[in-house]
Each structure stands twice: as structure tokens, then as C-alpha cells.
file run-v2.cif (mmCIF, C-alpha atoms)
data_run
#
loop_
_atom_site.label_atom_id
_atom_site.label_comp_id
_atom_site.auth_asym_id
_atom_site.auth_seq_id
_atom_site.Cartn_x
_atom_site.Cartn_y
_atom_site.Cartn_z
CA MET A 1 17.63 -1.74 -1.56
CA ILE A 2 13.95 -0.96 -2.10
CA PHE A 3 11.58 0.54 0.43
CA ALA A 4 8.05 -0.19 -0.78
CA SER A 5 5.20 1.23 1.24
CA ASP A 6 1.46 1.48 1.15
CA LEU A 7 0.18 5.04 1.61
CA ASP A 8 -3.22 5.35 3.30
CA ARG A 9 -3.19 4.44 7.00
CA THR A 10 0.43 3.36 6.68
CA LEU A 11 2.35 6.53 5.79
CA ILE A 12 -0.45 9.09 5.34
CA TYR A 13 -3.55 9.65 7.47
CA SER A 14 -6.82 11.53 7.35
CA LYS A 15 -7.93 13.48 10.42
CA THR A 16 -10.34 10.65 11.28
CA SER A 17 -7.73 7.87 11.01
CA MET A 18 -4.71 9.41 12.72
CA GLY A 19 -5.89 8.79 16.28
CA GLN A 20 -6.42 10.94 19.33
CA GLY A 21 -4.20 13.55 20.95
CA ILE A 22 -2.39 14.65 17.78
CA ASN A 23 -1.35 18.31 17.70
CA ASP A 24 -1.88 20.17 14.43
CA GLU A 25 1.56 21.75 14.71
CA ASP A 26 3.10 18.26 14.47
CA LEU A 27 1.42 17.61 11.11
CA ILE A 28 2.28 18.44 7.52
CA PRO A 29 -0.44 18.24 4.82
CA VAL A 30 0.41 15.83 2.02
CA GLU A 31 -2.80 15.52 -0.02
CA LEU A 32 -5.00 18.21 -1.58
CA TYR A 33 -8.49 17.48 -2.85
CA GLU A 34 -11.04 20.08 -3.93
CA ASP A 35 -8.98 22.85 -2.31
CA GLU A 36 -8.88 21.05 1.03
CA TYR A 37 -6.01 19.23 2.74
CA ILE A 38 -7.34 15.76 3.51
CA SER A 39 -4.26 13.64 4.34
CA PHE A 40 -1.29 14.33 6.58
CA MET A 41 2.04 12.99 7.81
CA SER A 42 3.78 13.82 11.03
CA LYS A 43 6.93 15.89 10.91
CA GLN A 44 8.89 13.05 12.50
CA ALA A 45 7.64 10.54 9.93
CA LEU A 46 8.60 12.85 7.08
CA SER A 47 12.04 13.35 8.56
CA LEU A 48 12.53 9.59 8.74
CA LEU A 49 11.23 9.13 5.19
CA ASN A 50 13.72 11.77 4.03
CA ASP A 51 16.54 9.75 5.59
CA ILE A 52 15.28 6.47 4.14
CA SER A 53 14.94 7.91 0.63
CA GLN A 54 18.65 8.74 0.74
CA LEU A 55 19.50 5.13 1.56
CA ALA A 56 17.03 3.18 -0.56
CA THR A 57 14.79 3.42 -3.62
CA PHE A 58 11.43 4.59 -2.22
CA ILE A 59 8.49 3.09 -4.13
CA PRO A 60 4.97 4.20 -3.14
CA VAL A 61 2.56 1.28 -3.52
CA THR A 62 -1.18 1.94 -3.38
CA THR A 63 -4.63 0.71 -4.32
CA ARG A 64 -5.39 4.29 -5.37
CA THR A 65 -5.89 5.02 -9.05
CA ILE A 66 -3.24 7.08 -10.83
CA GLU A 67 -5.36 10.20 -10.43
CA GLN A 68 -5.86 9.62 -6.71
CA TYR A 69 -2.15 8.92 -6.23
CA GLN A 70 -1.21 12.18 -7.93
CA ARG A 71 -3.28 14.11 -5.36
CA VAL A 72 -0.70 13.14 -2.73
CA PHE A 73 1.39 16.12 -3.79
CA HIS A 74 3.99 15.94 -1.03
CA ILE A 75 5.01 12.40 -1.98
CA VAL A 76 4.77 12.98 -5.74
CA ASN A 77 6.50 16.38 -5.85
CA THR A 78 8.96 16.25 -2.95
CA TYR A 79 10.33 12.76 -3.50
CA THR A 80 9.51 12.53 -7.22
CA PRO A 81 9.62 8.72 -7.06
CA LYS A 82 11.03 7.26 -10.24
CA TYR A 83 8.82 4.23 -9.69
CA ALA A 84 5.33 3.94 -8.21
CA ILE A 85 2.77 1.16 -8.12
CA THR A 86 -0.90 2.16 -8.28
CA SER A 87 -4.30 0.54 -8.81
CA ASN A 88 -3.32 -2.35 -6.50
CA GLY A 89 -0.55 -3.39 -8.88
CA ALA A 90 -2.38 -2.90 -12.17
CA ASN A 91 -0.19 0.07 -13.04
CA ILE A 92 3.54 0.67 -12.66
CA LEU A 93 4.55 4.28 -13.18
CA PHE A 94 7.97 5.25 -14.53
CA ASP A 95 8.50 8.94 -13.89
CA GLY A 96 4.73 9.28 -13.57
CA VAL A 97 3.90 7.50 -16.84
CA PRO A 98 2.26 4.01 -16.96
CA ASP A 99 4.65 1.32 -18.15
CA VAL A 100 3.34 -0.27 -21.35
CA GLU A 101 5.22 -3.54 -20.83
CA TRP A 102 3.64 -4.08 -17.41
CA SER A 103 0.19 -3.12 -18.70
CA ALA A 104 0.43 -5.91 -21.27
CA ILE A 105 1.41 -8.42 -18.57
CA VAL A 106 -1.57 -7.32 -16.47
CA GLN A 107 -4.02 -7.72 -19.34
CA THR A 108 -2.83 -11.30 -19.80
CA ALA A 109 -3.18 -11.98 -16.07
CA LEU A 110 -6.74 -10.62 -16.04
CA LYS A 111 -7.82 -13.38 -18.42
CA THR A 112 -7.65 -15.82 -15.50
CA SER A 113 -10.45 -13.96 -13.68
CA ALA A 114 -14.12 -13.43 -14.46
CA THR A 115 -15.07 -10.15 -16.12
CA HIS A 116 -16.01 -7.14 -14.03
CA ASN A 117 -19.55 -7.36 -15.42
CA GLU A 118 -19.93 -10.87 -13.97
CA VAL A 119 -18.66 -9.63 -10.62
CA LYS A 120 -21.01 -6.66 -10.62
CA ALA A 121 -23.94 -8.95 -11.33
CA LEU A 122 -22.95 -11.14 -8.36
CA PHE A 123 -22.54 -8.15 -6.07
CA ASP A 124 -25.86 -6.63 -7.12
CA GLU A 125 -27.55 -9.93 -6.36
CA MET A 126 -26.04 -10.22 -2.87
CA SER A 127 -25.89 -6.59 -1.76
CA SER A 128 -28.49 -4.37 -0.12
CA PRO A 129 -28.89 -0.58 -0.32
CA GLU A 130 -29.04 -0.71 3.46
CA TRP A 131 -25.28 -1.16 3.61
CA ALA A 132 -23.99 -0.72 0.03
CA LEU A 133 -24.16 3.03 -0.55
CA ARG A 134 -22.35 3.65 -3.83
CA GLY A 135 -19.49 2.27 -5.85
CA ARG A 136 -17.44 2.57 -9.00
CA LEU A 137 -15.21 0.62 -11.33
CA CYS A 138 -11.65 1.93 -11.03
CA ASP A 139 -9.34 1.97 -14.05
CA GLY A 140 -11.70 -0.52 -15.69
CA ILE A 141 -10.22 -3.21 -13.43
CA PHE A 142 -11.51 -3.33 -9.84
CA TYR A 143 -14.47 -2.13 -7.77
CA VAL A 144 -14.60 0.13 -4.73
CA ILE A 145 -17.88 0.16 -2.82
CA ILE A 146 -18.64 2.66 -0.04
CA ILE A 147 -20.42 0.75 2.72
CA GLU A 148 -22.10 1.18 6.08
CA ARG A 149 -19.71 -1.12 7.91
CA ASP A 150 -21.92 -1.58 10.99
CA LYS A 151 -24.87 -2.70 8.86
CA LEU A 152 -22.94 -5.21 6.75
CA PRO A 153 -23.67 -8.77 8.02
CA ALA A 154 -20.57 -10.90 8.59
CA SER A 155 -22.26 -13.83 6.85
CA ILE A 156 -22.63 -11.76 3.68
CA ILE A 157 -18.94 -10.89 3.73
CA GLU A 158 -17.81 -14.50 3.92
CA ASN A 159 -20.36 -15.69 1.36
CA LEU A 160 -19.33 -12.93 -1.05
CA ARG A 161 -15.65 -13.62 -0.43
CA ASN A 162 -16.10 -17.31 -1.23
CA LYS A 163 -18.10 -16.69 -4.41
CA LEU A 164 -15.63 -14.07 -5.60
CA SER A 165 -12.79 -16.52 -5.04
CA ILE A 166 -14.45 -18.98 -7.41
CA LEU A 167 -14.57 -16.19 -10.00
CA GLY A 168 -10.88 -15.41 -9.49
CA TRP A 169 -11.43 -12.24 -7.46
CA THR A 170 -10.49 -11.16 -3.95
CA LEU A 171 -12.35 -9.08 -1.37
CA SER A 172 -10.91 -6.63 1.13
CA ILE A 173 -12.58 -4.20 3.52
CA GLN A 174 -10.74 -1.10 4.71
CA GLY A 175 -12.77 1.25 6.84
CA ARG A 176 -15.87 2.18 4.86
CA LYS A 177 -14.51 0.83 1.58
CA LEU A 178 -15.09 -2.64 0.20
CA TYR A 179 -12.69 -3.64 -2.58
CA MET A 180 -13.29 -6.37 -5.15
CA ILE A 181 -10.12 -7.02 -7.15
CA PRO A 182 -9.10 -9.63 -9.75
CA SER A 183 -6.71 -12.17 -8.25
CA GLY A 184 -4.47 -11.84 -11.30
CA ILE A 185 -3.17 -8.47 -10.16
CA SER A 186 -1.42 -7.69 -6.90
CA LYS A 187 1.00 -5.27 -5.35
CA GLY A 188 3.45 -8.10 -4.78
CA ALA A 189 3.62 -9.13 -8.43
CA ALA A 190 4.26 -5.55 -9.51
CA LEU A 191 6.91 -5.11 -6.83
CA LEU A 192 8.78 -8.28 -7.78
CA HIS A 193 8.72 -7.13 -11.42
CA LEU A 194 10.35 -3.86 -10.36
CA LYS A 195 12.87 -5.63 -8.13
CA THR A 196 14.11 -7.58 -11.14
CA ARG A 197 14.05 -4.55 -13.40
CA ILE A 198 15.95 -2.36 -10.93
CA GLY A 199 18.32 -5.13 -9.91
CA ALA A 200 17.70 -4.66 -6.19
CA SER A 201 18.95 -7.24 -3.71
CA TYR A 202 16.58 -6.54 -0.84
CA ILE A 203 13.09 -5.19 -0.19
CA ALA A 204 11.77 -3.55 2.96
CA ALA A 205 8.00 -3.11 2.95
CA SER A 206 5.14 -1.80 5.05
CA GLY A 207 1.35 -1.95 4.77
CA ASP A 208 -1.82 -2.24 6.83
CA SER A 209 -4.32 -4.27 4.77
CA LEU A 210 -4.71 -7.74 3.31
CA LEU A 211 -4.27 -6.12 -0.10
CA ASP A 212 -0.70 -5.34 1.04
CA GLU A 213 0.03 -8.95 1.99
CA SER A 214 1.43 -10.00 -1.40
CA MET A 215 3.84 -7.06 -1.19
CA LEU A 216 4.89 -7.94 2.35
CA LEU A 217 5.47 -11.58 1.41
CA ALA A 218 7.80 -10.38 -1.36
CA ALA A 219 9.88 -8.40 1.16
CA ASP A 220 12.93 -9.29 3.22
CA PHE A 221 12.06 -6.84 6.00
CA ILE A 222 8.43 -6.31 7.00
CA PHE A 223 6.91 -3.68 9.28
CA ALA A 224 3.17 -3.21 9.70
CA PRO A 225 1.16 -0.68 11.73
CA GLY A 226 -0.68 -1.86 14.83
CA HIS A 227 -4.07 -1.21 13.30
CA GLY A 228 -6.09 -2.12 10.22
CA GLU A 229 -7.21 -5.25 8.42
CA LEU A 230 -3.81 -6.98 8.55
CA PHE A 231 -3.46 -6.33 12.28
CA ASP A 232 -6.99 -7.58 12.97
CA THR A 233 -6.21 -10.79 11.08
CA TYR A 234 -2.73 -11.56 12.45
CA ARG A 235 -2.46 -9.68 15.74
CA PHE A 236 -2.29 -12.89 17.80
CA SER A 237 0.24 -14.62 15.57
CA SER A 238 3.92 -14.07 14.89
CA VAL A 239 3.53 -13.81 11.12
CA TYR A 240 4.23 -10.07 10.96
CA ARG A 241 6.00 -7.51 13.08
CA PHE A 242 3.47 -4.90 14.16
CA THR A 243 4.11 -1.54 15.76
CA GLU A 244 3.03 -1.02 19.33
CA SER A 245 1.51 2.31 18.31
CA ALA A 246 -1.66 2.78 16.28
CA GLY A 247 -2.76 5.68 14.07
CA ILE A 248 -0.28 8.20 12.76
CA LYS A 249 2.21 7.38 15.53
CA ALA A 250 2.53 3.91 13.99
CA SER A 251 4.05 5.47 10.87
CA GLU A 252 6.86 6.95 12.95
CA GLU A 253 7.56 3.63 14.66
CA LEU A 254 7.58 1.56 11.47
CA LEU A 255 9.78 4.08 9.64
CA GLU A 256 12.26 3.88 12.53
CA GLY A 257 12.31 0.11 12.04
CA ILE A 258 12.70 0.44 8.28
CA LYS A 259 15.58 2.89 8.67
CA GLU A 260 17.31 0.58 11.11
CA ALA A 261 16.93 -2.42 8.78
CA ILE A 262 18.22 -0.50 5.75
CA SER A 263 21.15 0.87 7.75
CA MET A 264 21.99 -2.65 8.90
CA VAL A 265 22.02 -3.97 5.33
CA SER A 266 24.04 -0.97 4.13
CA GLY A 267 26.51 -1.48 6.97
CA THR A 268 26.87 -5.17 6.14
CA LYS A 269 27.53 -4.35 2.48
CA ALA A 270 30.12 -1.74 3.43
CA GLU A 271 31.87 -4.20 5.75
CA LYS A 272 31.94 -6.85 3.01
CA ARG A 273 33.35 -4.29 0.58
CA ARG A 274 36.09 -3.26 3.00
CA HIS A 275 36.95 -6.92 3.60
CA TYR A 276 37.11 -7.56 -0.16
CA GLU A 277 39.34 -4.55 -0.78
CA LYS A 278 41.63 -5.50 2.10
CA THR A 279 42.05 -9.11 1.01
CA ASN A 280 42.57 -8.19 -2.64
CA MET A 281 45.20 -5.50 -2.14
CA VAL A 282 48.26 -5.99 -4.33
#

call {"tool": "encode", "arguments": {"input": "run-v2.cif", "output": "C-alpha cells"}}
result
Amino acid sequence: MIFASDLDRTLIYSKTSMGQGINDEDLIPVELYEDEYISFMSKQALSLLNDISQLATFIPVTTRTIEQYQRVFHIVNTYTPKYAITSNGANILFDGVPDVEWSAIVQTALKTSATHNEVKALFDEMSSPEWALRGRLCDGIFYVIIIERDKLPASIIENLRNKLSILGWTLSIQGRKLYMIPSGISKGAALLHLKTRIGASYIAASGDSLLDESMLLAADFIFAPGHGELFDTYRFSSVYRFTESAGIKASEELLEGIKEAISMVSGTKAEKRRHYEKTNMV
């Protein structure tokens, strides 16, 4: 069994994203950047994640670069995940080292999308310094643009999304970050590659953005927080199971659901094993 989870705003939260009424004594810092703790998990969520990691293979899955992922010291050092997916699926880490085989597969997949130079030229043509503050090319593969969300016209978003689609790229907005990512890479593709490689039978997954959707669609059990891009898109449908809580409390609720699902599968396997042993006794 695999438990694959997005990190930011799913498992870990900044002070500005965790919601109101959260006591500092209920938090544990999980990310250090420039000598400052900038991301946290609740003690209850960490306790649940500890339990889950004993029952399933925990795979962090993130749009963060490798360097940004490694800043999340509590996940990296405490759980020492054997497998991790970073850069929105462009990198699979084995014991912290990028997998060469997967990197070759990604490079082939990228040939189906326009180059990042073509995408930058399109974005520069359509963007305005009024709402596009700064940006960078991450891992030589995808763009992250810091934006003034309130000043970004909805018509621009849809027009840009449509033109990027023609170029074989996708667009996602999470908070103040606009992502432009080649369609040839995804969290779901990387996760399915690992599922085959590990030989896992089931996947439980959680995530809050449309960039997580490919991963969720690859899963057998899906839990999503009651906030974020995914929630805004599907909140009135029955496509996904969302938590009733939002903010950092959502992480506790979804981890409870994940633990229950994994326990159910483990219990079913144990019952089948007992039945097999009983019926095959000499």
C-alpha cells in the first residue's frame, strides 16, 4: 500500500495558510528557510502520519524543486522516505537521489510540448507588471510566477490557459503562485511508475490543487482538503471526497480518513490470509 501526498496546504502549512484560532503549542515546525521556521504541522497530524507510515509506504509528492523539498527537514529526516516525487513529477528521488531511468523518460515526454522559451515569449506577451511580479524557471522544466492575484483579470487566465494548452502546457494558480508546466510531466505519471516499480496493490492519495489531480486519479482512495484550487473547482460535485475542515485542521481530518482506509485494506488482506491458511491446512 502506498500513501502519496502533496505537501503544501495538504500536510504542511505556513502561518498564513493554516487558518484562524490555531495555538502555537499545537504546532511543530517542519520547514526551515534562512534560519526561520516557515511551515508547520499539527501534533495530531504528525501522530497520524507516524501511524500511517508504519502501515504503508509514504511517498511525498510535490511541485517543489529538489532543493525546496529538502528544506522540509521534518519529513526528509524523520521519515527518511525511500521514494519522493518532486518538481511536479519531473524527478523521482530514490533515497534522496534523482532516478536516472525516470529522468530519461521525462526528457522523452517533454518533446511533446513546446520549449520553455516559447512559453516565456507567450507569457511575456500576455502578462503585465501590474500583476506579474517576478518568476523563474524551475529545474529547467516549468515556470513559477509570483502574482498579485486580485489584479489578475479572469479573462487573461482563461486566454493564457487555452494558448498554453495548444503548446502542450498546463496552467495552475495556487495562492500567489502561477504555475506553467509541460503536459508531458505529472505527479500521476511518476506515481504510477513507482507503483509498478514497488509492486504496490493500492494507492491512497491526498492533494489540494489541480496539479494533484493526476495523482488523485491514479489512486484507489482519495482524500482532499476542504480548501484550495481543487476544492474551488469540484466543491459542488461528488468527484472527490473533501474534508469538512479547512486549513491545517483539514490535514488531521484527511489523515484520519487515510489511516482508516489503509487499516481497512490491511484488515481485508489479513482476513484473506487467515482464510487461505485455514482452507489449505494439511

call {"tool": "resolve_selection", "arguments": {"input": "run-v2.cif", "expression": "the PyMOL selection byres ((chain A and resi 194-200) around 12)", "output": "PyMOL selection string"}}
result
chain A and resi 1-4+56-59+61+82-85+89+91-94+99+101-102+187-193+201-204+215+218-220

call {"tool": "residues_around", "arguments": {"input": "run-v2.cif", "residues": "Ile222 of chain A", "least_positions_apart": "3", "cutoff": "7 Å", "atoms": "only C-alpha atoms", "output": "PDB file with C-alpha atoms, in the coordinates of the input"}}
result
ATOM      1  CA  ALA A 204      11.770  -3.550   2.960  1.00  0.00           C
ATOM      2  CA  ALA A 205       8.000  -3.110   2.950  1.00  0.00           C
ATOM      3  CA  SER A 206       5.140  -1.800   5.050  1.00  0.00           C
ATOM      4  CA  LEU A 216       4.890  -7.940   2.350  1.00  0.00           C
ATOM      5  CA  ALA A 219       9.880  -8.400   1.160  1.00  0.00           C
ATOM      6  CA  TYR A 240       4.230 -10.070  10.960  1.00  0.00           C
ATOM      7  CA  ARG A 241       6.000  -7.510  13.080  1.00  0.00           C
TER       8      ARG A 241
END

call {"tool": "resolve_selection", "arguments": {"input": "run-v2.cif", "expression": "the PyMOL selection byres ((chain A and resi 23) around 12)", "output": "list of chain:residue names"}}
result
A:Lys15, A:Met18, A:Gly19, A:Gln20, A:Gly21, A:Ile22, A:Asp24, A:Glu25, A:Asp26, A:Leu27, A:Ile28, A:Phe40, A:Met41, A:Ser42, A:Lys43, A:Ile248, A:Lys249

call {"tool": "closest_residue", "arguments": {"input": "run-v2.cif", "among": "A:Gly140, A:Tyr79, A:Ile146, A:Ser39", "to": "Ser17 of chain A", "atoms": "all atoms listed in the file"}}
result
A:Ser39

call {"tool": "residues_around", "arguments": {"input": "run-v2.cif", "residues": "Phe123 of chain A", "least_positions_apart": "4", "cutoff": "8 Å", "atoms": "only C-alpha atoms", "output": "MDAnalysis selection string"}}
result
chainID A and resid 119 127 160

call {"tool": "residues_around", "arguments": {"input": "run-v2.cif", "residues": "Ser251 of chain A", "least_positions_apart": "3", "cutoff": "6 Å", "atoms": "all atoms listed in the file", "output": "number ranges by chain"}}
result
A: 10-11, 248, 254

call {"tool": "resolve_selection", "arguments": {"input": "run-v2.cif", "expression": "the PyMOL selection byres ((chain A and resi 212) around 10)", "output": "number ranges by chain"}}
result
A: 5-6, 61-63, 88, 186-188, 205-211, 213-217, 224, 229-230

call {"tool": "atom_distance", "arguments": {"input": "run-v2.cif", "atom1": "atom CA of Leu48 of chain A", "atom2": "atom CA of Ser238 of chain A"}}
result
25.9 Å

call {"tool": "atom_distance", "arguments": {"input": "run-v2.cif", "atom1": "atom CA of Lys163 of chain A", "atom2": "atom CA of Ile105 of chain A"}}
result
25.5 Å

call {"tool": "residues_around", "arguments": {"input": "run-v2.cif", "residues": "Tyr33 of chain A", "least_positions_apart": "2", "cutoff": "12 Å", "atoms": "all atoms listed in the file", "output": "list in words"}}
result
Ser14, Pro29, Val30, Glu31, Asp35, Glu36, Tyr37, Ile38, Ser39, Glu67, Gln68, Tyr69, Gln70, Arg71, Val72 and Phe73 of chain A

call {"tool": "residues_around", "arguments": {"input": "run-v2.cif", "residues": "Thr108 of chain A", "least_positions_apart": "5", "cutoff": "12 Å", "atoms": "all atoms listed in the file", "output": "number ranges by chain"}}
result
A: 90, 101-103, 113, 182, 184-185

call {"tool": "write_last_selection", "arguments": {"input": "run-v2.cif", "atoms": "C-alpha atoms", "output": "mmCIF file, in the frame of the given file"}}
result
data_model
loop_
_atom_site.group_PDB
_atom_site.id
_atom_site.type_symbol
_atom_site.label_atom_id
_atom_site.label_comp_id
_atom_site.auth_asym_id
_atom_site.auth_seq_id
_atom_site.Cartn_x
_atom_site.Cartn_y
_atom_site.Cartn_z
ATOM 1 C CA ALA A 90 -2.380 -2.900 -12.170
ATOM 2 C CA GLU A 101 5.220 -3.540 -20.830
ATOM 3 C CA TRP A 102 3.640 -4.080 -17.410
ATOM 4 C CA SER A 103 0.190 -3.120 -18.700
ATOM 5 C CA SER A 113 -10.450 -13.960 -13.680
ATOM 6 C CA PRO A 182 -9.100 -9.630 -9.750
ATOM 7 C CA GLY A 184 -4.470 -11.840 -11.300
ATOM 8 C CA ILE A 185 -3.170 -8.470 -10.160
#

call {"tool": "closest_residue", "arguments": {"input": "run-v2.cif", "among": "A:Gly247, A:Pro98, A:Gly228, A:Gly168", "to": "Thr16 of chain A", "atoms": "only C-alpha atoms"}}
result
A:Gly247

call {"tool": "closest_residue", "arguments": {"input": "run-v2.cif", "among": "A:Gln107, A:Thr233, A:Ser53, A:Asn162", "to": "Ile141 of chain A", "atoms": "all atoms listed in the file"}}
result
A:Gln107

call {"tool": "atom_distance", "arguments": {"input": "run-v2.cif", "atom1": "atom CA of Leu122 of chain A", "atom2": "atom CA of Val106 of chain A"}}
result
23.2 Å

call {"tool": "closest_residue", "arguments": {"input": "run-v2.cif", "among": "A:Arg161, A:Arg9, A:Lys259, A:Arg136", "to": "Phe221 of chain A", "atoms": "all atoms listed in the file"}}
result
A:Lys259

call {"tool": "closest_residue", "arguments": {"input": "run-v2.cif", "among": "A:Met264, A:Ile166, A:Ala132, A:Ile173", "to": "Glu118 of chain A", "atoms": "only C-alpha atoms"}}
result
A:Ile166

call {"tool": "closest_residue", "arguments": {"input": "run-v2.cif", "among": "A:Met126, A:Ile12, A:Leu178, A:Arg134", "to": "Ser155 of chain A", "atoms": "all atoms listed in the file"}}
result
A:Met126

call {"tool": "build_atoms", "arguments": {"input": "run-v2.cif", "residues": "segment 4-14 of chain A", "atoms": "all heavy atoms", "output": "PDB file, keeping the file's coordinate frame"}}
result
ATOM      1  N   ALA A   4       9.373  -0.256  -0.166  1.00  0.00           N
ATOM      2  CA  ALA A   4       8.050  -0.190  -0.780  1.00  0.00           C
ATOM      3  C   ALA A   4       7.006  -0.027   0.308  1.00  0.00           C
ATOM      4  O   ALA A   4       6.968  -0.821   1.253  1.00  0.00           O
ATOM      5  CB  ALA A   4       7.780  -1.464  -1.587  1.00  0.00           C
ATOM      6  N   SER A   5       6.172   0.994   0.179  1.00  0.00           N
ATOM      7  CA  SER A   5       5.200   1.230   1.240  1.00  0.00           C
ATOM      8  C   SER A   5       3.829   1.610   0.703  1.00  0.00           C
ATOM      9  O   SER A   5       3.705   2.403  -0.234  1.00  0.00           O
ATOM     10  CB  SER A   5       5.676   2.336   2.184  1.00  0.00           C
ATOM     11  OG  SER A   5       4.731   2.532   3.238  1.00  0.00           O
ATOM     12  N   ASP A   6       2.822   1.024   1.332  1.00  0.00           N
ATOM     13  CA  ASP A   6       1.460   1.480   1.150  1.00  0.00           C
ATOM     14  C   ASP A   6       1.371   2.926   1.636  1.00  0.00           C
ATOM     15  O   ASP A   6       2.219   3.388   2.417  1.00  0.00           O
ATOM     16  CB  ASP A   6       0.536   0.565   1.969  1.00  0.00           C
ATOM     17  CG  ASP A   6      -0.908   1.014   1.942  1.00  0.00           C
ATOM     18  OD1 ASP A   6      -1.445   1.240   0.849  1.00  0.00           O
ATOM     19  OD2 ASP A   6      -1.500   1.137   3.032  1.00  0.00           O
ATOM     20  N   LEU A   7       0.337   3.643   1.209  1.00  0.00           N
ATOM     21  CA  LEU A   7       0.180   5.040   1.610  1.00  0.00           C
ATOM     22  C   LEU A   7      -0.865   5.221   2.701  1.00  0.00           C
ATOM     23  O   LEU A   7      -0.524   5.499   3.856  1.00  0.00           O
ATOM     24  CB  LEU A   7      -0.165   5.898   0.382  1.00  0.00           C
ATOM     25  CG  LEU A   7       0.917   5.991  -0.701  1.00  0.00           C
ATOM     26  CD1 LEU A   7       0.438   6.858  -1.857  1.00  0.00           C
ATOM     27  CD2 LEU A   7       2.219   6.523  -0.133  1.00  0.00           C
ATOM     28  N   ASP A   8      -2.139   5.041   2.369  1.00  0.00           N
ATOM     29  CA  ASP A   8      -3.220   5.350   3.300  1.00  0.00           C
ATOM     30  C   ASP A   8      -3.190   4.454   4.540  1.00  0.00           C
ATOM     31  O   ASP A   8      -3.126   3.231   4.440  1.00  0.00           O
ATOM     32  CB  ASP A   8      -4.567   5.192   2.591  1.00  0.00           C
ATOM     33  CG  ASP A   8      -4.736   6.229   1.492  1.00  0.00           C
ATOM     34  OD1 ASP A   8      -5.136   7.353   1.796  1.00  0.00           O
ATOM     35  OD2 ASP A   8      -4.432   5.900   0.329  1.00  0.00           O
ATOM     36  N   ARG A   9      -3.197   5.105   5.697  1.00  0.00           N
ATOM     37  CA  ARG A   9      -3.190   4.440   7.000  1.00  0.00           C
ATOM     38  C   ARG A   9      -1.914   3.640   7.247  1.00  0.00           C
ATOM     39  O   ARG A   9      -1.853   2.820   8.156  1.00  0.00           O
ATOM     40  CB  ARG A   9      -4.436   3.542   7.161  1.00  0.00           C
ATOM     41  CG  ARG A   9      -5.735   4.337   7.264  1.00  0.00           C
ATOM     42  CD  ARG A   9      -6.959   3.434   7.189  1.00  0.00           C
ATOM     43  NE  ARG A   9      -6.937   2.439   8.246  1.00  0.00           N
ATOM     44  CZ  ARG A   9      -7.405   2.627   9.486  1.00  0.00           C
ATOM     45  NH1 ARG A   9      -7.925   3.794   9.820  1.00  0.00           N
ATOM     46  NH2 ARG A   9      -7.369   1.656  10.374  1.00  0.00           N
ATOM     47  N   THR A  10      -0.898   3.892   6.421  1.00  0.00           N
ATOM     48  CA  THR A  10       0.430   3.360   6.680  1.00  0.00           C
ATOM     49  C   THR A  10       1.416   4.514   6.796  1.00  0.00           C
ATOM     50  O   THR A  10       2.052   4.696   7.826  1.00  0.00           O
ATOM     51  CB  THR A  10       0.880   2.387   5.563  1.00  0.00           C
ATOM     52  OG1 THR A  10      -0.024   1.274   5.514  1.00  0.00           O
ATOM     53  CG2 THR A  10       2.279   1.854   5.827  1.00  0.00           C
ATOM     54  N   LEU A  11       1.511   5.327   5.735  1.00  0.00           N
ATOM     55  CA  LEU A  11       2.350   6.530   5.790  1.00  0.00           C
ATOM     56  C   LEU A  11       1.511   7.795   5.966  1.00  0.00           C
ATOM     57  O   LEU A  11       1.909   8.708   6.690  1.00  0.00           O
ATOM     58  CB  LEU A  11       3.181   6.661   4.511  1.00  0.00           C
ATOM     59  CG  LEU A  11       4.310   5.662   4.284  1.00  0.00           C
ATOM     60  CD1 LEU A  11       5.104   6.052   3.035  1.00  0.00           C
ATOM     61  CD2 LEU A  11       5.229   5.555   5.490  1.00  0.00           C
ATOM     62  N   ILE A  12       0.356   7.870   5.301  1.00  0.00           N
ATOM     63  CA  ILE A  12      -0.450   9.090   5.340  1.00  0.00           C
ATOM     64  C   ILE A  12      -1.802   8.797   6.004  1.00  0.00           C
ATOM     65  O   ILE A  12      -2.332   7.689   5.912  1.00  0.00           O
ATOM     66  CB  ILE A  12      -0.647   9.690   3.932  1.00  0.00           C
ATOM     67  CG1 ILE A  12      -1.615   8.840   3.092  1.00  0.00           C
ATOM     68  CG2 ILE A  12       0.695   9.825   3.217  1.00  0.00           C
ATOM     69  CD1 ILE A  12      -1.930   9.443   1.736  1.00  0.00           C
ATOM     70  N   TYR A  13      -2.348   9.849   6.663  1.00  0.00           N
ATOM     71  CA  TYR A  13      -3.550   9.650   7.470  1.00  0.00           C
ATOM     72  C   TYR A  13      -4.504  10.832   7.320  1.00  0.00           C
ATOM     73  O   TYR A  13      -4.083  11.992   7.269  1.00  0.00           O
ATOM     74  CB  TYR A  13      -3.174   9.513   8.959  1.00  0.00           C
ATOM     75  CG  TYR A  13      -2.420   8.242   9.249  1.00  0.00           C
ATOM     76  CD1 TYR A  13      -1.051   8.144   8.971  1.00  0.00           C
ATOM     77  CD2 TYR A  13      -3.062   7.135   9.778  1.00  0.00           C
ATOM     78  CE1 TYR A  13      -0.353   6.968   9.217  1.00  0.00           C
ATOM     79  CE2 TYR A  13      -2.373   5.955  10.037  1.00  0.00           C
ATOM     80  CZ  TYR A  13      -1.025   5.883   9.749  1.00  0.00           C
ATOM     81  OH  TYR A  13      -0.330   4.716   9.983  1.00  0.00           O
ATOM     82  N   SER A  14      -5.790  10.500   7.288  1.00  0.00           N
ATOM     83  CA  SER A  14      -6.820  11.530   7.350  1.00  0.00           C
ATOM     84  C   SER A  14      -6.976  11.947   8.812  1.00  0.00           C
ATOM     85  O   SER A  14      -6.469  11.278   9.727  1.00  0.00           O
ATOM     86  CB  SER A  14      -8.152  11.000   6.825  1.00  0.00           C
ATOM     87  OG  SER A  14      -8.642   9.977   7.684  1.00  0.00           O
TER      88      SER A  14
END
